[in-house]
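Participant: So I've got this file, entry37.txt, and it contains compact mmCIF, C-alpha atoms:
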# COMPACT_ATOMS: atom_id res chain seq x y z
CA MET A 1 -0.53 -55.62 14.47
CA SER A 2 -2.04 -52.85 12.36
CA ILE A 3 0.00 -50.16 10.61
CA LEU A 4 -1.24 -47.48 13.01
CA LYS A 5 -0.23 -49.53 16.05
CA SER A 6 3.19 -50.14 14.48
CA ILE A 7 3.70 -46.41 13.92
CA ALA A 8 2.47 -45.59 17.42
CA SER A 9 4.87 -48.11 18.99
CA VAL A 10 7.99 -46.43 17.51
CA ASP A 11 9.97 -44.44 20.08
CA ARG A 12 9.17 -40.73 19.58
CA ARG A 13 12.86 -39.85 19.65
CA TYR A 14 13.13 -41.39 16.16
CA TYR A 15 10.40 -39.04 14.91
CA TYR A 16 12.11 -36.00 16.46
CA SER A 17 15.43 -37.12 14.95
CA ALA A 18 13.84 -37.51 11.52
CA VAL A 19 12.25 -34.04 11.76
CA PHE A 20 15.58 -32.55 12.87
CA ILE A 21 17.50 -34.22 10.02
CA LEU A 22 14.94 -33.22 7.36
CA THR A 23 14.79 -29.64 8.65
CA THR A 24 18.58 -29.40 8.63
CA ILE A 25 18.77 -30.76 5.08
CA LEU A 26 16.14 -28.26 3.88
CA LEU A 27 17.95 -25.38 5.60
CA LEU A 28 21.29 -26.36 4.05
CA PHE A 29 19.84 -27.18 0.62
CA PRO A 30 16.65 -25.13 0.21
CA LEU A 31 14.12 -25.98 -2.44
CA VAL A 32 14.21 -23.32 -5.11
CA LEU A 33 10.70 -22.83 -6.38
CA PRO A 34 10.08 -20.62 -9.40
CA LEU A 35 8.38 -17.32 -8.70
CA LEU A 36 5.78 -16.89 -11.38
CA VAL A 37 4.30 -13.48 -12.10
CA SER A 38 0.67 -13.57 -13.15
CA PRO A 39 -0.44 -11.57 -16.20
CA GLU A 40 -2.57 -9.33 -13.96
CA VAL A 41 0.40 -8.42 -11.74
CA GLN A 42 2.59 -7.78 -14.79
CA GLU A 43 -0.09 -5.54 -16.30
CA ALA A 44 -0.44 -3.55 -13.04
CA TYR A 45 3.35 -3.15 -12.93
CA ASN A 46 3.44 -1.97 -16.55
CA ILE A 47 0.63 0.55 -15.99
CA ILE A 48 2.53 2.10 -13.08
CA GLU A 49 5.79 2.08 -15.07
CA ASP A 50 4.06 3.92 -17.93
CA LEU A 51 3.03 6.87 -15.72
CA GLN A 52 4.46 10.16 -16.98
CA PRO A 53 5.51 13.30 -15.08
CA GLY A 54 2.41 15.31 -14.25
CA ASP A 55 0.10 12.28 -14.22
CA LEU A 56 -2.35 12.17 -11.31
CA VAL A 57 -3.02 8.97 -9.36
CA ILE A 58 -5.79 8.58 -6.81
CA ILE A 59 -5.19 5.80 -4.33
CA ASN A 60 -8.45 4.96 -2.58
CA PHE A 61 -7.13 3.23 0.48
CA CYS A 62 -10.03 1.10 1.74
CA LEU A 63 -8.13 -1.31 3.95
CA SER A 64 -9.33 -2.27 7.42
CA ALA A 65 -7.74 -4.20 10.25
CA SER A 66 -9.24 -7.50 9.12
CA GLY A 67 -7.28 -7.45 5.85
CA TYR A 68 -4.22 -5.49 6.93
CA GLY A 69 -2.05 -8.52 7.68
CA GLN A 70 -2.65 -10.02 4.24
CA LEU A 71 -2.48 -6.83 2.18
CA GLN A 72 0.12 -4.72 3.97
CA GLY A 73 2.97 -6.03 1.81
CA ALA A 74 1.10 -5.40 -1.43
CA CYS A 75 0.13 -1.90 -0.28
CA ASN A 76 3.74 -1.10 0.61
CA ALA A 77 4.96 -2.38 -2.76
CA VAL A 78 2.37 -0.55 -4.89
CA ILE A 79 2.69 2.75 -3.03
CA ASP A 80 6.49 2.57 -3.16
CA HIS A 81 6.38 1.74 -6.89
CA ILE A 82 4.09 4.68 -7.65
CA PHE A 83 6.25 7.05 -5.62
CA GLN A 84 9.33 5.94 -7.59
CA GLN A 85 7.79 7.35 -10.78
CA GLU A 86 9.22 10.78 -11.52
CA GLY A 87 6.78 13.71 -11.34
CA VAL A 88 3.66 11.67 -10.59
CA LEU A 89 1.16 13.35 -8.25
CA VAL A 90 -0.79 11.28 -5.72
CA ILE A 91 -4.05 11.89 -3.87
CA PHE A 92 -4.89 9.46 -1.07
CA THR A 93 -8.56 8.99 -0.18
CA MET A 94 -10.05 6.47 2.22
CA THR A 95 -13.46 4.82 2.23
CA ALA A 96 -12.98 2.47 5.19
CA ASP A 97 -13.23 3.86 8.70
CA GLN A 98 -10.06 2.10 9.89
CA ALA A 99 -8.01 3.06 6.84
CA PRO A 100 -6.50 6.33 8.16
CA ILE A 101 -4.36 4.61 10.77
CA MET A 102 -3.39 1.84 8.33
CA LEU A 103 -2.34 4.38 5.69
CA GLU A 104 -0.31 6.38 8.20
CA GLY A 105 1.56 3.20 9.13
CA ILE A 106 2.32 2.41 5.49
CA ILE A 107 3.47 5.97 4.78
CA GLU A 108 5.67 5.80 7.87
CA ASN A 109 7.14 2.47 6.66
CA ASN A 110 7.88 3.80 3.17
CA GLY A 111 9.07 7.29 4.05
CA GLN A 112 10.95 9.44 6.48
CA LEU A 113 10.03 12.65 8.26
CA MET A 114 10.69 15.81 6.30
CA SER A 115 13.26 18.08 7.90
CA GLY A 116 11.74 20.54 10.34
CA HIS A 117 8.72 18.32 11.06
CA SER A 118 8.09 15.78 13.77
CA ASP A 119 4.85 14.00 12.91
CA HIS A 120 2.23 13.12 10.31
CA PRO A 121 1.58 14.15 7.61
CA TRP A 122 5.03 15.53 6.88
CA TYR A 123 6.72 12.49 5.36
CA GLU A 124 8.99 12.27 2.36
CA ILE A 125 8.62 9.10 0.28
CA GLU A 126 11.12 8.38 -2.51
CA GLY A 127 11.93 12.10 -2.65
CA LYS A 128 8.28 13.15 -2.86
CA GLN A 129 7.10 15.56 -0.18
CA TYR A 130 3.73 16.09 1.41
CA LEU A 131 1.65 18.91 -0.12
CA THR A 132 4.20 19.16 -2.93
CA ASP A 133 3.85 15.78 -4.62
CA TYR A 134 1.11 14.03 -2.66
CA VAL A 135 -1.78 14.76 -0.33
CA ASN A 136 -3.92 12.69 2.04
CA MET A 137 -7.51 13.93 1.71
CA GLY A 138 -8.83 11.58 4.39
CA TYR A 139 -11.88 9.45 5.04
CA TYR A 140 -15.08 9.67 2.99
CA PRO A 141 -17.99 7.46 4.14
CA GLY A 142 -20.16 5.69 1.59
CA ILE A 143 -17.92 4.49 -1.23
CA ASP A 144 -20.62 4.48 -3.94
CA LYS A 145 -21.87 7.97 -3.14
CA PHE A 146 -18.32 9.28 -2.80
CA ILE A 147 -17.30 7.93 -6.23
CA ALA A 148 -20.45 9.39 -7.82
CA PHE A 149 -19.76 12.74 -6.13
CA LEU A 150 -16.13 12.66 -7.35
CA ALA A 151 -17.30 12.05 -10.91
CA SER A 152 -19.82 14.88 -10.83
CA ASP A 153 -18.04 17.57 -8.78
CA PHE A 154 -14.44 16.52 -8.15
CA ARG A 155 -13.10 19.51 -6.20
CA THR A 156 -16.16 19.91 -4.00
CA ALA A 157 -16.16 16.17 -3.21
CA LEU A 158 -12.55 16.31 -2.03
CA GLY A 159 -12.87 19.62 -0.22
CA ASP A 160 -10.24 22.31 0.42
CA ASN A 161 -8.51 20.86 3.48
CA ASP A 162 -6.58 17.62 3.81
CA TRP A 163 -7.09 14.97 6.51
CA TYR A 164 -4.91 16.95 8.92
CA GLY A 165 -6.64 20.29 8.39
CA GLU A 166 -3.92 21.71 6.13
CA ASP A 167 -4.99 23.85 3.18
CA ALA A 168 -4.90 21.60 0.10
CA LYS A 169 -6.63 24.07 -2.23
CA ALA A 170 -3.32 25.67 -3.25
CA TRP A 171 -1.90 22.21 -4.05
CA PHE A 172 -4.84 21.43 -6.34
CA ASP A 173 -4.64 24.86 -7.98
CA SER A 174 -0.87 24.78 -8.53
CA ASN A 175 -1.14 21.36 -10.19
CA ASN A 176 -4.20 22.32 -12.30
CA ILE A 177 -6.36 19.60 -10.75
CA ASN A 178 -9.98 20.60 -11.28
CA SER A 179 -12.07 17.65 -12.36
CA ALA A 180 -12.17 13.86 -12.54
CA GLU A 181 -10.91 14.16 -16.13
CA ASP A 182 -7.52 15.21 -14.72
CA VAL A 183 -7.08 11.80 -13.06
CA ASP A 184 -4.87 9.34 -14.99
CA LEU A 185 -5.06 6.29 -12.71
CA VAL A 186 -7.28 5.16 -9.84
CA ILE A 187 -6.15 2.41 -7.51
As structure tokens, how would this structure be written, given the file I've shared?
Facilitator:
Amino acid sequence: MSILKSIASVDRRYYYSAVFILTTILLLFPLVLPLLVSPEVQEAYNIIEDLQPGDLVIINFCLSASGYGQLQGACNAVIDHIFQQEGVLVIFTMTADQAPIMLEGIIENNGQLMSGHSDHPWYEIEGKQYLTDYVNMGYYPGIDKFIAFLASDFRTALGDNDWYGEDAKAWFDSNNINSAEDVDLVI
């Protein structure tokens, strides 16, 4: 009798019992595996921690539905970490056509509606309010052309209105944001 025939001849209740016992043991005594932080993740964390009040961060949110399941957790963590930094200003841009709905979901997960408002974009995240500390400038097709346009004529590339049609010009003016040289970090 071959090994495979021997294994196949064992009553399946023994296999189910073995799986049940092993699962129970692992639930009662879980394996503790070390969580290692890669140098790249540590460096990204340190860069965000080093942001100073008044620094400007552009988050180019180029996530689509195909990658949302894998990257949603990382997006939540990075956005939340940036918003925890005191006095940091954030501009959201998007270069993927499905990104607006993904970004709105992440903002909704990380924040809460500002008092007196009932819908997007009026969310408060870690004490930061829309059009006071951050703005969502919306979708820009053609990532290469958009980045080149941002570098050459920052304010014109972004426009005067946000994704929701609100006037963002006053926000840019009040924070002295005029050119790409004013940007401290791009994600």
Participant: Here is a test: counting only C-alpha atoms, which residue of A:Ile59, A:Tyr68, A:Val41, A:Ala151 is nearest to Asp182 of chain A?
Facilitator: A:Ala151
Participant: Calculate how many Å separate atom CA of Trp171 of chain A from atom CA of Ile79 of chain A, rounding to one decimal.
Facilitator: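 Separating atom CA of Trp171 of chain A from atom CA of Ile79 of chain A is a distance of 20.0 Å.
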Participant: If we count only C-alpha atoms and set the cut-off at 10 Å, which residues sit around Val186 of chain A, ignoring sequence neighbours fewer than 3 positions away in its own chain? Please answer as number ranges by chain.
Facilitator: A: 56-60, 90-91, 183
Participant: So, with only C-alpha atoms as the atoms that count, which of A:Met114, A:Ala157, A:Val78, A:Val32 lies closest to Phe61 of chain A?
Facilitator: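 Distance minimum relative to Phe61 of chain A lands on A:Val78.
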Participant: For atom CA of Ser179 of chain A and atom CA of Gly54 of chain A, quote the distance in Å rounded to one decimal.
Facilitator: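 So the two atoms, atom CA of Ser179 of chain A and atom CA of Gly54 of chain A, lie 14.8 Å apart.
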Participant: Could you tell me how far atom CA of Lys145 of chain A sits from atom CA of Leu131 of chain A, in Å to one decimal place?
Facilitator: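 Atom CA of Lys145 of chain A lies at a distance of 26.1 Å from atom CA of Leu131 of chain A.
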Participant: Which one of A:Gln112, A:Asn161, A:Ser118, A:Gln98 sits closest to Pro141 of chain A if you count all atoms listed in the file?
Facilitator: A:Gln98
Participant: Report as an mmCIF file with C-alpha atoms, keeping the file's coordinate frame all protein, DNA and RNA residues lying within 9 Å of Asp153 of chain A, evaluated on all atoms listed in the file, omitting residues in the same chain fewer than 5 positions from it.
Facilitator:
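Okay, this is what ended up in part_5.cif:
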data_model
loop_
_atom_site.group_PDB
_atom_site.id
_atom_site.type_symbol
_atom_site.label_atom_id
_atom_site.label_comp_id
_atom_site.auth_asym_id
_atom_site.auth_seq_id
_atom_site.Cartn_x
_atom_site.Cartn_y
_atom_site.Cartn_z
ATOM 1 C CA ALA A 148 -20.450 9.390 -7.820
ATOM 2 C CA LEU A 158 -12.550 16.310 -2.030
ATOM 3 C CA ASN A 178 -9.980 20.600 -11.280
ATOM 4 C CA SER A 179 -12.070 17.650 -12.360
ATOM 5 C CA ALA A 180 -12.170 13.860 -12.540
#
